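The structure appears below as structure tokens.
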2 protein chains.
Amino acid sequence: MERTEDIGFPEVTLRLPGWVRDLVSGEERTYPTVEDRMRLAVELSRLNVRNDTGGPFGAAIFERETGRLLAPGVNLVVGSGCSVFHAEMVAIMVAQKVVGTFDLGADNLPSYELVTTTEPCAMCLGATPWSGVRHLVCGARDEDARAVGFDEGSKTSEWVGALEDRGITVQQDVLREEAVAVLREYAERGGEIYNSRQGTDPP
Amino acid sequence: MERTEDIGFPEVTLRLPGWVRDLVSGEERTYPTVEDRMRLAVELSRLNVRNDTGGPFGAAIFERETGRLLAPGVNLVVGSGCSVFHAEMVAIMVAQKVVGTFDLGADNLPSYELVTTTEPCAMCLGATPWSGVRHLVCGARDEDARAVGFDEGSKTSEWVGALEDRGITVQQDVLREEAVAVLREYAERGGEIYNSRQGTDPP
């Protein structure tokens, strides 16, 4: 891709790590069950930690009916120097680029499902309805992330209902223990906990 | 910039429109008062509409003390095909790229202020603490955006207090009428209202 004219401010490029290819290539990229899909997301989170490419969070977007992988995502905050690059945001941005539209819920598209190894933080939760996905599947709970020191942001306790009011189904606790194991592995390796400076949870 | 190895998924590049250069070049890029800063953000939103590069939303990040512009942002959702590219997110991503870190609140940095023409939606609100900015300045209110058909997402009515609990000051209603005028201009031009399909506000 050629660089466009210099406008005095840099471009920002989101780029998945090279190892992602090895994880998802050479196969049909179809994941029939919700556990198959979460297993891929957990493996993304685990390899992200072991390859030192980011935090212990993985996500992926699938065609709901067929289980075909549309886009993977991993947390790239520290390595990319961008606080926006949580796993869910990365998966959404790559998915929309693959499909060629900002709305994965457009009428001519199949129904898409966002699978994430940890319940979305306040930002990713806010991004979910805009993305157009119709289903959200979560592994670890907010409290699991908090237990190793991550801050999920200011979320209301009614966030599941709020998504469902917007026509997005939510499934929780899918392979929760497997997802939590990666959070713990990261903490035990002394991985960076990159919360904002005053990131204490309001009561 | 060279393309890296093909990993089977596309890169996503955030690129400000070329006209942004004309708006902020050839000057010191210093905006002393909060009104000066909001005036720039409103002008970004207006030119974004008139140049057909996106929705009627502008934002910018400034050094709080000096008023030096760090990064501008405009809504690029439709043109970029990315639901994440709200004005605030764009400003945050570009600002972090300029500074070279995911945390604008790092100890060695000056205090940064995010100025936005409309109060942040749920996603941008969630992104604000992660970004490291210490101050948020808003023009139009949520209800002004809703009045022309935009959905701000599921925000609690206590969002100002929740930010302040995290050490982020909030100033509202700065040049509110000027900001609202651009929202109205966009609606009158028949601009696309790109909410999610079931984007109705919960009561």
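Each chain in the structure tokens gets a letter, A, B and so on, in the order shown; residues start at 1 in every chain, and ligands are counted from 1 in the order they appear.
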
Q) What residues in chain A lie within 7 Å of chain B, counting only C-alpha atoms, written as a VMD selection string? A) chain A and resid 1 3 7 to 8 10 to 15 18 21 77 to 78 81 to 84 93 to 94 96 to 98 100 to 103 105 122 to 127 129 to 132 153 to 154 162 165 to 167 195 to 200 202

- Task: From the DSSP assignment of the backbone, select every residue of chain B that is strand (DSSP E), and format the answer as JSON, numbers by chain.
- Result: {"B": [12, 13, 14, 58, 59, 60, 61, 62, 63, 69, 70, 71, 72, 73, 74, 112, 113, 114, 115, 116, 117, 118, 135, 136, 137, 138, 139, 140, 169, 170, 171]}

Could you pull out the residues in chain B that DSSP calls alpha helix (DSSP H) from the backbone, as a count of residues only?
76

### Query
From the set B:Leu44, B:Leu183, B:Leu23, B:Val49, which residue has the shortest atom-to-atom contact distance to Asp144 (chain B), counting only C-alpha atoms?
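So, comparing all the options, the nearest one is B:Leu183.
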
Length of the CA of Asp173 (chain B) to CA of Gly191 (chain B) vector [Å] |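 These atoms are spaced 24.0 Å apart.
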
*Take CA of Arg46 (chain A) and CA of Gly139 (chain A) and report the distance between them in Å, one decimal.*
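Spanning CA of Arg46 (chain A) to CA of Gly139 (chain A) is a straight-line distance of 13.4 Å.
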
Check your understanding: Which value, in Å to one decimal, gives the distance between CA of Glu65 (chain A) and CA of Gln171 (chain A)?
Key ->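 Calculated distance between CA of Glu65 (chain A) and CA of Gln171 (chain A) is 15.5 Å.
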